[in-house]
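Visitor: This is protein-v8.txt (compact mmCIF, C-alpha atoms and all ligand atoms).
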```
# COMPACT_ATOMS: atom_id res chain seq x y z
CA MET A 1 0.00 0.00 0.00
CA GLU A 2 1.21 3.51 -0.76
CA SER A 3 2.27 5.70 2.15
CA PHE A 4 0.24 8.75 3.23
CA SER A 5 -2.77 7.70 1.13
CA GLU A 6 -5.01 10.54 2.41
CA ILE A 7 -2.57 13.22 1.31
CA ARG A 8 -2.08 11.46 -2.01
CA GLU A 9 -5.82 11.32 -2.66
CA ALA A 10 -6.27 14.99 -1.73
CA MET A 11 -3.44 16.02 -4.04
CA ARG A 12 -4.79 13.86 -6.88
CA ALA A 13 -8.17 15.57 -6.54
CA LEU A 14 -6.55 19.01 -6.53
CA CYS A 15 -4.31 18.23 -9.50
CA ALA A 16 -7.27 16.93 -11.49
CA ASP A 17 -8.44 20.56 -11.69
CA PHE A 18 -5.07 21.51 -13.21
CA PRO A 19 -4.67 19.01 -16.05
CA ASN A 20 -1.66 18.76 -18.36
CA GLU A 21 -3.21 21.28 -20.79
CA TYR A 22 -2.97 23.88 -18.03
CA TRP A 23 0.82 23.43 -17.63
CA ARG A 24 1.30 23.23 -21.41
CA GLU A 25 -0.55 26.51 -21.95
CA LEU A 26 1.47 28.29 -19.26
CA GLU A 27 4.66 27.30 -21.03
CA LYS A 28 3.64 29.06 -24.22
CA THR A 29 3.93 32.45 -22.52
CA ASN A 30 6.32 31.55 -19.68
CA ALA A 31 3.42 32.34 -17.36
CA TYR A 32 3.45 31.63 -13.63
CA PRO A 33 0.74 29.32 -12.23
CA ASP A 34 -0.80 31.91 -9.91
CA ASP A 35 -4.19 30.23 -9.65
CA PHE A 36 -2.62 26.85 -8.92
CA ILE A 37 -0.43 28.37 -6.18
CA LYS A 38 -3.51 30.03 -4.69
CA VAL A 39 -5.32 26.69 -4.42
CA MET A 40 -2.21 24.97 -3.00
CA ILE A 41 -2.01 27.64 -0.28
CA GLU A 42 -5.76 27.55 0.45
CA ASN A 43 -5.47 23.81 0.99
CA GLY A 44 -2.49 24.21 3.32
CA PHE A 45 -0.15 22.21 1.10
CA LEU A 46 2.53 24.85 0.68
CA SER A 47 2.63 25.57 4.41
CA CYS A 48 2.71 21.95 5.45
CA LEU A 49 6.19 22.25 7.01
CA ILE A 50 5.35 25.38 9.02
CA PRO A 51 4.52 24.41 12.62
CA GLU A 52 0.91 24.84 13.75
CA GLU A 53 1.86 27.60 16.23
CA TYR A 54 2.85 29.74 13.22
CA GLY A 55 -0.24 28.94 11.18
CA GLY A 56 1.00 25.94 9.19
CA SER A 57 -0.05 22.32 9.38
CA GLY A 58 3.14 21.12 11.08
CA LEU A 59 3.67 18.05 8.94
CA GLY A 60 7.00 16.34 8.21
CA LEU A 61 9.25 16.20 5.19
CA GLN A 62 7.75 12.85 4.19
CA GLU A 63 4.30 14.39 3.81
CA ALA A 64 5.75 17.42 2.01
CA GLY A 65 7.58 15.07 -0.34
CA VAL A 66 4.44 13.10 -1.12
CA ILE A 67 2.63 16.36 -2.00
CA LEU A 68 5.34 17.25 -4.55
CA GLU A 69 5.56 13.68 -5.83
CA GLU A 70 1.84 13.61 -6.58
CA LEU A 71 2.04 16.96 -8.32
CA SER A 72 4.87 15.69 -10.52
CA ARG A 73 3.11 12.43 -11.17
CA SER A 74 -0.01 14.26 -12.36
CA GLY A 75 2.05 16.03 -15.03
CA GLY A 76 2.32 19.33 -13.11
CA HIS A 77 5.53 21.22 -12.42
CA PRO A 78 6.52 21.66 -8.76
CA GLY A 79 9.36 23.99 -9.81
CA ALA A 80 6.82 26.78 -9.54
CA CYS A 81 6.38 26.40 -5.81
CA HIS A 82 8.70 23.91 -4.09
CA ALA A 83 11.06 26.53 -2.63
CA GLN A 84 8.29 27.83 -0.40
CA MET A 85 8.65 24.58 1.51
CA TYR A 86 12.38 24.36 2.08
CA THR A 87 13.58 27.98 2.29
CA MET A 88 11.18 28.55 5.16
CA GLY A 89 13.24 26.06 7.23
CA THR A 90 16.12 28.52 7.52
CA ILE A 91 13.85 31.07 9.23
CA LEU A 92 12.28 28.40 11.39
CA ARG A 93 15.56 26.91 12.59
CA HIS A 94 17.76 30.01 12.74
CA GLY A 95 15.51 33.09 12.76
CA ASN A 96 14.68 34.92 15.99
CA GLU A 97 11.20 34.78 17.50
CA GLU A 98 10.24 38.18 16.11
CA GLN A 99 11.18 37.13 12.58
CA LYS A 100 9.22 33.90 12.94
CA GLN A 101 6.14 35.71 14.31
CA THR A 102 6.36 38.36 11.60
CA TYR A 103 6.83 36.15 8.58
CA LEU A 104 5.78 32.53 9.11
CA PRO A 105 2.02 33.12 9.68
CA LYS A 106 1.89 35.37 6.61
CA ILE A 107 3.77 32.82 4.51
CA ALA A 108 1.38 30.12 5.77
CA SER A 109 -1.71 32.18 4.88
CA GLY A 110 -0.36 33.13 1.46
CA GLU A 111 -0.22 36.83 2.31
CA LEU A 112 3.53 36.69 1.63
CA ARG A 113 5.38 34.50 -0.84
CA LEU A 114 8.83 33.21 0.05
CA GLN A 115 9.73 31.56 -3.23
CA ALA A 116 13.21 32.92 -3.97
CA PHE A 117 16.52 31.57 -2.75
CA GLY A 118 19.51 33.67 -3.84
CA VAL A 119 22.74 31.69 -3.73
CA THR A 120 24.26 31.04 -7.18
CA GLU A 121 26.54 33.64 -8.78
CA PRO A 122 27.97 33.76 -12.29
CA ASN A 123 31.59 33.78 -11.10
CA ALA A 124 31.20 31.19 -8.34
CA GLY A 125 28.74 28.58 -9.65
CA THR A 126 28.98 25.39 -7.65
CA ASP A 127 31.84 26.81 -5.58
CA THR A 128 29.46 28.65 -3.25
CA THR A 129 32.13 29.87 -0.83
CA SER A 130 33.56 31.98 -3.68
CA ILE A 131 30.46 34.16 -3.94
CA GLN A 132 31.26 37.85 -4.27
CA THR A 133 27.98 39.51 -3.38
CA PHE A 134 28.89 41.52 -0.30
CA ALA A 135 26.75 42.97 2.50
CA ARG A 136 28.53 45.76 4.37
CA ARG A 137 27.21 46.86 7.75
CA ASP A 138 26.36 50.56 7.84
CA GLY A 139 24.67 51.69 11.07
CA ASP A 140 21.29 49.97 11.36
CA ASP A 141 21.48 48.75 7.76
CA TYR A 142 23.48 46.51 5.47
CA VAL A 143 24.43 47.77 2.03
CA VAL A 144 24.53 44.99 -0.56
CA ASN A 145 26.43 44.95 -3.85
CA GLY A 146 26.81 42.06 -6.26
CA ARG A 147 24.94 39.79 -8.59
CA LYS A 148 23.11 36.45 -8.58
CA VAL A 149 22.12 34.21 -11.46
CA PHE A 150 19.44 31.59 -12.13
CA ILE A 151 17.38 32.75 -9.18
CA SER A 152 14.05 31.03 -9.67
CA ARG A 153 10.69 32.71 -9.12
CA ALA A 154 12.16 36.04 -7.93
CA GLU A 155 9.60 37.96 -9.99
CA HIS A 156 6.80 36.02 -8.34
CA SER A 157 7.98 36.16 -4.77
CA ASP A 158 7.72 38.84 -2.08
CA LEU A 159 10.67 37.62 -0.06
CA MET A 160 14.10 36.31 -0.95
CA LEU A 161 16.49 34.40 1.24
CA LEU A 162 19.83 35.88 0.24
CA LEU A 163 23.34 34.54 0.88
CA ALA A 164 26.05 37.22 0.86
CA ARG A 165 29.57 37.58 2.14
CA THR A 166 29.94 39.79 5.19
CA THR A 167 33.66 39.08 5.57
CA PRO A 168 35.97 38.65 2.57
CA LYS A 169 36.95 35.03 2.03
CA ASP A 170 40.69 35.72 2.43
CA GLU A 171 40.06 37.18 5.90
CA CYS A 172 38.31 34.03 7.15
CA GLN A 173 40.00 31.05 8.81
CA LYS A 174 37.76 28.71 6.84
CA LYS A 175 36.28 29.52 3.45
CA SER A 176 32.82 28.45 4.68
CA GLN A 177 32.89 31.25 7.27
CA GLY A 178 32.05 34.91 6.70
CA MET A 179 28.80 34.45 4.79
CA SER A 180 25.41 35.57 6.12
CA VAL A 181 21.78 34.97 5.28
CA PHE A 182 19.25 37.80 4.95
CA LEU A 183 15.50 37.71 4.49
CA VAL A 184 15.03 40.44 1.90
CA ASP A 185 11.63 41.99 1.34
CA MET A 186 11.92 42.41 -2.42
CA ARG A 187 8.88 44.70 -2.57
CA GLU A 188 10.90 47.29 -0.65
CA VAL A 189 14.05 47.17 -2.80
CA LEU A 190 12.88 46.42 -6.33
CA GLY A 191 14.01 49.39 -8.42
CA LYS A 192 15.78 50.80 -5.34
CA GLY A 193 19.06 48.92 -5.38
CA MET A 194 17.76 45.60 -6.74
CA GLU A 195 16.98 44.84 -10.39
CA LEU A 196 15.67 41.61 -11.90
CA GLN A 197 16.47 40.42 -15.41
CA PRO A 198 14.52 37.37 -16.64
CA ILE A 199 16.48 34.51 -18.28
CA ASP A 200 14.81 32.57 -21.06
CA MET A 201 15.20 28.92 -20.02
CA MET A 202 14.71 25.50 -21.59
CA MET A 203 11.56 25.06 -19.52
CA ASN A 204 9.05 27.31 -17.79
CA HIS A 205 11.13 28.03 -14.70
CA HIS A 206 11.00 31.81 -14.15
CA CYS A 207 14.73 32.27 -13.62
CA THR A 208 16.23 35.70 -13.22
CA GLU A 209 19.53 37.44 -12.86
CA VAL A 210 19.47 39.65 -9.80
CA PHE A 211 21.61 42.77 -9.53
CA PHE A 212 22.36 44.56 -6.26
CA ASP A 213 23.67 48.10 -6.47
CA ASP A 214 24.02 49.68 -3.04
CA MET A 215 20.85 47.90 -1.95
CA ARG A 216 20.09 49.04 1.59
CA ILE A 217 18.34 46.53 3.87
CA PRO A 218 17.68 46.78 7.61
CA ALA A 219 20.09 44.88 9.88
CA SER A 220 17.00 43.19 11.35
CA THR A 221 16.79 41.14 8.13
CA LEU A 222 19.89 39.16 9.17
CA ILE A 223 18.96 35.58 10.03
CA GLY A 224 20.88 34.14 12.99
CA GLU A 225 24.45 35.25 13.54
CA GLU A 226 26.53 37.17 11.04
CA GLY A 227 29.10 34.94 9.36
CA LYS A 228 27.28 31.64 9.93
CA GLY A 229 24.98 31.78 6.90
CA PHE A 230 26.62 28.98 4.96
CA LYS A 231 25.97 26.54 7.80
CA TYR A 232 22.34 27.67 7.97
CA ILE A 233 21.64 27.15 4.29
CA LEU A 234 23.31 23.72 4.32
CA ASP A 235 20.54 22.61 6.70
CA SER A 236 17.94 23.64 4.15
CA MET A 237 19.84 21.95 1.35
CA ASN A 238 19.28 18.44 2.72
CA ALA A 239 15.55 19.18 2.84
CA GLU A 240 15.72 20.58 -0.69
CA ARG A 241 17.53 17.51 -2.04
CA ILE A 242 15.04 15.12 -0.47
CA LEU A 243 12.04 17.08 -1.75
CA ILE A 244 13.50 17.28 -5.25
CA ALA A 245 14.10 13.52 -5.09
CA TYR A 246 10.40 13.02 -4.32
CA GLU A 247 9.58 15.14 -7.38
CA CYS A 248 11.82 12.91 -9.49
CA ILE A 249 10.00 9.83 -8.19
CA GLY A 250 6.76 11.52 -9.26
CA ASP A 251 8.22 12.25 -12.69
CA ALA A 252 9.41 8.64 -13.03
CA LYS A 253 5.94 7.38 -12.15
CA PHE A 254 4.39 9.77 -14.68
CA PHE A 255 6.69 8.42 -17.42
CA ILE A 256 6.25 4.77 -16.43
CA ASP A 257 2.44 5.14 -16.29
CA ARG A 258 2.36 6.82 -19.69
CA ALA A 259 4.76 4.31 -21.28
CA LYS A 260 2.87 1.33 -19.88
CA ASP A 261 -0.53 2.64 -21.01
CA TYR A 262 0.68 3.49 -24.49
CA ALA A 263 2.52 0.17 -24.88
CA ASN A 264 -0.71 -1.62 -24.03
CA GLU A 265 -2.84 0.45 -26.40
CA ARG A 266 -0.72 1.04 -29.47
CA VAL A 267 -1.14 -1.76 -32.02
CA ILE A 268 1.54 -2.17 -34.70
CA PHE A 269 2.20 -5.34 -36.71
CA GLY A 270 -1.17 -6.58 -35.44
CA ARG A 271 -0.31 -6.60 -31.74
CA PRO A 272 0.25 -4.13 -28.88
CA ILE A 273 3.81 -2.79 -29.03
CA GLY A 274 4.10 -3.72 -25.34
CA GLN A 275 3.93 -7.38 -26.31
CA ASN A 276 7.47 -7.02 -27.64
CA GLN A 277 10.06 -7.58 -24.96
CA GLY A 278 12.19 -4.92 -26.64
CA VAL A 279 9.48 -2.45 -25.59
CA GLN A 280 8.49 -3.91 -22.22
CA PHE A 281 11.93 -4.57 -20.72
CA PRO A 282 13.08 -0.93 -20.65
CA ILE A 283 9.82 0.02 -18.90
CA ALA A 284 10.24 -2.82 -16.41
CA ARG A 285 13.85 -1.78 -15.79
CA ASN A 286 12.77 1.82 -15.19
CA TYR A 287 10.23 0.57 -12.68
CA THR A 288 12.92 -1.33 -10.75
CA GLN A 289 15.18 1.74 -10.80
CA MET A 290 12.36 3.96 -9.59
CA ARG A 291 11.45 1.55 -6.75
CA ALA A 292 15.06 1.35 -5.54
CA ALA A 293 15.36 5.14 -5.60
CA GLU A 294 12.01 5.49 -3.83
CA VAL A 295 13.20 3.37 -0.90
CA MET A 296 16.28 5.57 -0.59
CA VAL A 297 14.18 8.75 -0.76
CA GLU A 298 11.87 7.49 1.98
CA THR A 299 14.84 6.51 4.15
CA ALA A 300 16.36 9.97 3.78
CA ALA A 301 13.06 11.69 4.62
CA GLN A 302 12.45 9.47 7.66
CA LYS A 303 15.92 10.32 8.98
CA PHE A 304 15.36 14.03 8.37
CA ASP A 305 12.03 13.93 10.20
CA ALA A 306 13.63 12.04 13.09
CA GLY A 307 16.28 14.76 13.37
CA GLU A 308 19.03 12.30 12.45
CA SER A 309 22.01 13.15 10.30
CA CYS A 310 20.94 12.51 6.71
CA GLY A 311 23.52 14.16 4.40
CA GLU A 312 24.62 10.87 2.83
CA ASP A 313 21.05 9.64 2.38
CA ALA A 314 19.74 12.94 1.00
CA ASN A 315 22.51 13.12 -1.57
CA ILE A 316 22.22 9.50 -2.66
CA ALA A 317 18.42 9.74 -2.83
CA LYS A 318 18.63 12.80 -5.07
CA LEU A 319 21.21 11.22 -7.38
CA LEU A 320 19.33 7.92 -7.78
CA ALA A 321 15.91 9.55 -8.17
CA SER A 322 17.10 12.10 -10.75
CA GLU A 323 18.73 9.36 -12.81
CA ALA A 324 15.67 7.10 -12.50
CA SER A 325 13.33 9.86 -13.71
CA TRP A 326 15.55 10.74 -16.66
CA ALA A 327 15.88 7.08 -17.69
CA ALA A 328 12.11 6.58 -17.42
CA GLY A 329 11.53 9.72 -19.49
CA ASP A 330 13.87 8.52 -22.19
CA THR A 331 12.07 5.17 -22.36
CA CYS A 332 8.68 6.86 -22.37
CA LEU A 333 9.69 9.01 -25.34
CA GLN A 334 11.04 5.98 -27.19
CA THR A 335 7.88 3.98 -26.44
CA HIS A 336 5.75 6.72 -27.97
CA GLY A 337 7.80 6.89 -31.15
CA GLY A 338 7.07 10.08 -33.06
CA PHE A 339 4.16 10.98 -30.79
CA GLY A 340 6.59 11.39 -27.90
CA PHE A 341 7.85 14.53 -29.62
CA ALA A 342 4.38 16.02 -30.05
CA LYS A 343 3.79 18.68 -27.39
CA GLU A 344 0.22 17.56 -26.76
CA PHE A 345 1.54 14.35 -25.17
CA ASP A 346 3.46 16.34 -22.49
CA ILE A 347 6.32 13.85 -22.50
CA GLU A 348 8.90 16.14 -24.08
CA ARG A 349 7.88 18.89 -21.61
CA LYS A 350 8.26 16.61 -18.60
CA LEU A 351 11.55 15.29 -19.96
CA ARG A 352 12.92 18.84 -20.19
CA GLU A 353 11.69 19.56 -16.67
CA THR A 354 13.15 16.45 -15.08
CA ARG A 355 16.54 16.89 -16.77
CA LEU A 356 17.22 19.86 -14.54
CA TYR A 357 17.57 17.72 -11.46
CA GLN A 358 20.89 16.25 -12.52
CA VAL A 359 22.28 19.81 -12.57
CA ALA A 360 20.36 21.78 -9.96
CA PRO A 361 19.98 22.24 -7.08
CA ILE A 362 23.24 20.31 -7.06
CA SER A 363 24.87 18.47 -9.90
CA THR A 364 25.48 14.73 -9.97
CA ASN A 365 29.25 15.24 -10.00
CA LEU A 366 29.14 17.19 -6.79
CA ILE A 367 27.10 14.44 -5.13
CA LEU A 368 29.63 11.86 -6.27
CA SER A 369 32.36 14.09 -4.92
CA TYR A 370 30.53 14.26 -1.55
CA VAL A 371 30.17 10.46 -1.42
CA SER A 372 33.82 9.98 -2.43
CA GLU A 373 35.21 12.32 0.18
CA HIS A 374 32.77 12.26 3.09
CA VAL A 375 31.43 8.71 2.89
CA LEU A 376 34.29 6.70 1.39
CA GLY A 377 37.18 8.72 2.77
CA LEU A 378 38.82 9.29 -0.62
CA PRO A 379 41.15 12.29 -0.96
CA ARG A 380 39.53 15.72 -1.19
CA SER A 381 39.61 16.90 -4.79
CA PHE A 382 38.81 20.63 -4.41
C1 LIG A 401 16.46 26.08 -13.92
C2 LIG A 401 17.44 26.43 -12.84
C3 LIG A 401 16.97 26.96 -11.65
C4 LIG A 401 17.86 27.36 -10.66
N1 LIG A 401 17.38 27.95 -9.52
C5 LIG A 401 18.25 28.46 -8.61
C6 LIG A 401 17.78 29.22 -7.49
O1 LIG A 401 16.58 29.41 -7.30
N2 LIG A 401 18.69 29.72 -6.63
C7 LIG A 401 20.04 29.55 -6.80
O2 LIG A 401 20.80 30.04 -5.98
N3 LIG A 401 20.52 28.83 -7.86
C8 LIG A 401 19.66 28.30 -8.76
N4 LIG A 401 20.13 27.60 -9.86
C9 LIG A 401 21.57 27.45 -10.04
C10 LIG A 401 22.06 26.03 -9.84
O3 LIG A 401 22.03 25.70 -8.47
C11 LIG A 401 23.45 25.97 -10.49
O4 LIG A 401 23.24 26.05 -11.90
C12 LIG A 401 24.16 24.75 -10.14
O5 LIG A 401 24.47 24.77 -8.77
C13 LIG A 401 25.47 24.60 -10.94
O6 LIG A 401 26.18 25.82 -10.96
P1 LIG A 401 26.69 26.37 -12.37
O7 LIG A 401 25.52 26.41 -13.27
O8 LIG A 401 27.44 27.64 -12.20
O9 LIG A 401 27.69 25.26 -12.89
P2 LIG A 401 29.27 25.17 -12.67
O10 LIG A 401 29.60 25.30 -11.21
O11 LIG A 401 29.93 26.09 -13.61
O12 LIG A 401 29.53 23.68 -13.11
C14 LIG A 401 29.42 23.27 -14.48
C15 LIG A 401 29.58 21.77 -14.56
O13 LIG A 401 30.88 21.40 -14.09
C16 LIG A 401 30.77 20.43 -13.07
N5 LIG A 401 31.80 20.68 -12.04
C17 LIG A 401 32.15 21.87 -11.48
N6 LIG A 401 33.13 21.68 -10.58
C18 LIG A 401 33.38 20.35 -10.55
C19 LIG A 401 34.30 19.53 -9.81
N7 LIG A 401 35.13 20.05 -8.89
N8 LIG A 401 34.30 18.22 -10.04
C20 LIG A 401 33.48 17.67 -10.98
N9 LIG A 401 32.57 18.39 -11.70
C21 LIG A 401 32.53 19.72 -11.49
C22 LIG A 401 29.38 20.62 -12.46
O14 LIG A 401 28.94 19.41 -11.90
C23 LIG A 401 28.56 21.04 -13.68
O15 LIG A 401 28.05 19.91 -14.34
C24 LIG A 401 19.25 27.17 -10.85
C25 LIG A 401 19.72 26.62 -12.04
C26 LIG A 401 18.84 26.26 -13.04
C27 LIG A 401 19.38 25.72 -14.32
```
Could you spell out this file's structure in structure tokens?

Guide:
Amino acid sequence: MESFSEIREAMRALCADFPNEYWRELEKTNAYPDDFIKVMIENGFLSCLIPEEYGGSGLGLQEAGVILEELSRSGGHPGACHAQMYTMGTILRHGNEEQKQTYLPKIASGELRLQAFGVTEPNAGTDTTSIQTFARRDGDDYVVNGRKVFISRAEHSDLMLLLARTTPKDECQKKSQGMSVFLVDMREVLGKGMELQPIDMMMNHHCTEVFFDDMRIPASTLIGEEGKGFKYILDSMNAERILIAYECIGDAKFFIDRAKDYANERVIFGRPIGQNQGVQFPIARNYTQMRAAEVMVETAAQKFDAGESCGEDANIAKLLASEASWAAGDTCLQTHGGFGFAKEFDIERKLRETRLYQVAPISTNLILSYVSEHVLGLPRSF
């Protein structure tokens, strides 16, 4: 039996009102799914990880993951909203009580959107500790200068969690020190020190370049202690990896369902194409890959919810799930022959969407590097 069946059924009912045509149409104009987000918030799904005392439903990462998995499986695109779940964790775990009281209930009710997470920079990329965006303390404010790239949903969010250096890297004992996290109210600074420049992407992902030019933000926007921001965002990154892995499981199930149905229906040479083992074996293999990844994803989420260390599990889960979804997508396309390339089948769209997860939020190579160094004790390579 599937886990969390009540949540799954509720999500399936909700997603039925947002069929594949809806997501396909949005893509034509790079539009944001505002009405979908509204319904997700009204139903408490986007605030599921916010504790009840702050207006959320206080569920665990496993439930949150199942919500995103079902959305992916339906053919929808969680990229439009998933950050609201994991960025909030930084405020919850490291923010002060005033920040939590001010923001979390409003995020839970939908009055405020926290959809943007500003980490990546053009000159640093994966090497996060080399970021150059700098926040200089000036009285009761910080003054921020620098630039971010590929920041998703910034145009559709009220708040951004921003990582900036507050001490130059060469003045820190460790390169992971000297970075701080700020909760920036983008409504206050847009056009007044912060500019957004949309990037046209391979899929409908609402990415932007973000420019900071003497952007002044109150010192009260600092989350936790100055200089410890990298540690704070690492906490959120395990949650992010596990949630993305759930999305990949949903994508894999979407592809396997579609491939299986089509292989049963499509008759060529007088018999269903699925009667040929050359067609059925790849689908069966994808199913076994997806199931193995799913077990790993659930293990990682259970450990996260139990407060156990889960870095190894979160990374492995994300790697296996992203590869399983891509493999299943490739098979699904092949199974559909020419129709797989027709937009109305949604397979090519989902394939483009799921490809991202081998690159972002962290690339497969960097996960392998983590496993090599931190799990297997191989020499550090960078
Ligand atoms: C659609 C999309 C949405 C995104 N959303 C956000 C967002 O909301 N917020 C945000 O902060 N960022 C976001 N990103 C950025 C994303 O996290 C980065 O693209 C990703 O971390 C990789 O950084 P990079 O693109 O600079 O690649 P690079 O760091 O330049 O790496 C390029 C390639 O080289 C490989 N590589 C680099 N160094 C090594 C090494 N030492 N060993 C082996 N291989 C290596 C990498 O694995 C990668 O495949 C998004 C990206 C995309 C595409």

Visitor: What's the 8 Å shell around A:Ala327, counting only C-alpha atoms, without same-chain residues fewer than 4 positions away, as a PyMOL selection string?

Guide: chain A and resi 286+323+331

Visitor: Which one is closest to A:Arg258: A:Met202, A:Ile347, A:Ala321, A:Met179? Count only C-alpha atoms.

Guide: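 Of A:Met202, A:Ile347, A:Ala321, A:Met179, the one nearest A:Arg258 is A:Ile347, counting only C-alpha atoms.
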
Visitor: Per residue of stretch 92-132 of chain A within 7 Å of stretch 160-174 of chain A, record the nearest atom pair and its distance in Å to one decimal, counting all atoms listed in the file, with rows in chain order and ascending residue number, as JSON lines.

Guide:
```
{"residue": "A:Leu114", "atom": "CA", "partner": "A:Met160", "partner_atom": "CA", "distance": 6.2}
{"residue": "A:Gln115", "atom": "CA", "partner": "A:Met160", "partner_atom": "CA", "distance": 6.8}
{"residue": "A:Ala116", "atom": "CA", "partner": "A:Met160", "partner_atom": "CA", "distance": 4.6}
{"residue": "A:Phe117", "atom": "CA", "partner": "A:Leu161", "partner_atom": "CA", "distance": 4.9}
{"residue": "A:Gly118", "atom": "CA", "partner": "A:Leu162", "partner_atom": "CA", "distance": 4.7}
{"residue": "A:Val119", "atom": "CA", "partner": "A:Leu163", "partner_atom": "CA", "distance": 5.5}
{"residue": "A:Gln132", "atom": "CA", "partner": "A:Arg165", "partner_atom": "CA", "distance": 6.6}
```

Visitor: How about saving the chosen residues, C-alpha atoms kept, as a short mmCIF file (atom, residue, chain, number, x, y, z; two decimals), keeping the file's coordinate frame?

Guide:
```
data_model
loop_
_atom_site.label_atom_id
_atom_site.label_comp_id
_atom_site.auth_asym_id
_atom_site.auth_seq_id
_atom_site.Cartn_x
_atom_site.Cartn_y
_atom_site.Cartn_z
CA LEU A 114 8.83 33.21 0.05
CA GLN A 115 9.73 31.56 -3.23
CA ALA A 116 13.21 32.92 -3.97
CA PHE A 117 16.52 31.57 -2.75
CA GLY A 118 19.51 33.67 -3.84
CA VAL A 119 22.74 31.69 -3.73
CA GLN A 132 31.26 37.85 -4.27
#
```

Visitor: Kindly indicate which residue among A:Ser152, A:Thr29, A:Gln277, A:Ser236 lies nearest to ligand LIG 401 (chain A), using all atoms listed in the file for the distances.

Guide: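 Once distances to ligand LIG 401 (chain A) are computed over all atoms listed in the file, the minimum belongs to A:Ser152.
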
Visitor: Kindly provide, as a PyMOL selection string, all nucleotide and amino acid residues lying within 6 Å of ligand LIG 401 (chain A), counting all atoms listed in the file.

Guide: chain A and resi 116-120+125-126+150-152+205+359-363+365-366+382

Visitor: Would you mind exporting C-alpha atoms of the selected residues as a CSV table (one decimal), in the coordinates of the input?

Guide:
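What follows is the written file again14.csv:
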```csv
chain,number,residue,atom,x,y,z
A,116,ALA,CA,13.2,32.9,-4.0
A,117,PHE,CA,16.5,31.6,-2.8
A,118,GLY,CA,19.5,33.7,-3.8
A,119,VAL,CA,22.7,31.7,-3.7
A,120,THR,CA,24.3,31.0,-7.2
A,125,GLY,CA,28.7,28.6,-9.6
A,126,THR,CA,29.0,25.4,-7.6
A,150,PHE,CA,19.4,31.6,-12.1
A,151,ILE,CA,17.4,32.8,-9.2
A,152,SER,CA,14.0,31.0,-9.7
A,205,HIS,CA,11.1,28.0,-14.7
A,359,VAL,CA,22.3,19.8,-12.6
A,360,ALA,CA,20.4,21.8,-10.0
A,361,PRO,CA,20.0,22.2,-7.1
A,362,ILE,CA,23.2,20.3,-7.1
A,363,SER,CA,24.9,18.5,-9.9
A,365,ASN,CA,29.2,15.2,-10.0
A,366,LEU,CA,29.1,17.2,-6.8
A,382,PHE,CA,38.8,20.6,-4.4
```

Visitor: Expressed in Å to a single decimal, how great is the separation between atom CA of A:Ala300 and atom CA of A:His82?

Guide: 17.7 Å

Visitor: Sorted by chain and rising residue number, which residues of stretch 156-210 of chain A lie within 7 Å of stretch 222-235 of chain A, and what are their closest atom pairs and distances in Å to one decimal, counting all atoms listed in the file, as JSON lines?

Guide:
```
{"residue": "A:Leu163", "atom": "CA", "partner": "A:Gly229", "partner_atom": "CA", "distance": 6.8}
{"residue": "A:Thr166", "atom": "CA", "partner": "A:Gly227", "partner_atom": "CA", "distance": 6.5}
{"residue": "A:Ser176", "atom": "CA", "partner": "A:Phe230", "partner_atom": "CA", "distance": 6.2}
{"residue": "A:Gln177", "atom": "CA", "partner": "A:Gly227", "partner_atom": "CA", "distance": 5.7}
{"residue": "A:Gly178", "atom": "CA", "partner": "A:Gly227", "partner_atom": "CA", "distance": 4.0}
{"residue": "A:Met179", "atom": "CA", "partner": "A:Gly227", "partner_atom": "CA", "distance": 4.6}
{"residue": "A:Ser180", "atom": "CA", "partner": "A:Gly229", "partner_atom": "CA", "distance": 3.9}
{"residue": "A:Val181", "atom": "CA", "partner": "A:Gly229", "partner_atom": "CA", "distance": 4.8}
{"residue": "A:Phe182", "atom": "CA", "partner": "A:Leu222", "partner_atom": "CA", "distance": 4.5}
{"residue": "A:Leu183", "atom": "CA", "partner": "A:Leu222", "partner_atom": "CA", "distance": 6.6}
```

Visitor: (6.7, 11.1, -12.8) in this file's frame - what residues fall within 9 Å of it? Use only C-alpha atoms and give the answer as a PyMOL selection string.

Guide: chain A and resi 69-75+247-257+325+328-329+350+354

Visitor: What does the distance from atom CA of A:Glu353 to atom CA of A:Lys28 come to in Å, to one decimal?

Guide: 14.6 Å

Visitor: Nearest residue to A:Gln101 out of A:Ile50, A:Leu319, A:Ile273, A:Ile268, using all atoms listed in the file?

Guide: A:Ile50

Visitor: For a quick check of your reading of the model, name the residues lying within 6 Å of the coordinate (23.4, 45.4, 2.8), counting only C-alpha atoms, and write them as a CSV table (one decimal) with C-alpha atoms, keeping the file's coordinate frame.

Guide:
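Produced file point-v5.csv, reproduced below:
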```csv
chain,number,residue,atom,x,y,z
A,135,ALA,CA,26.8,43.0,2.5
A,136,ARG,CA,28.5,45.8,4.4
A,142,TYR,CA,23.5,46.5,5.5
A,143,VAL,CA,24.4,47.8,2.0
A,144,VAL,CA,24.5,45.0,-0.6
A,215,MET,CA,20.8,47.9,-2.0
A,216,ARG,CA,20.1,49.0,1.6
A,217,ILE,CA,18.3,46.5,3.9
```
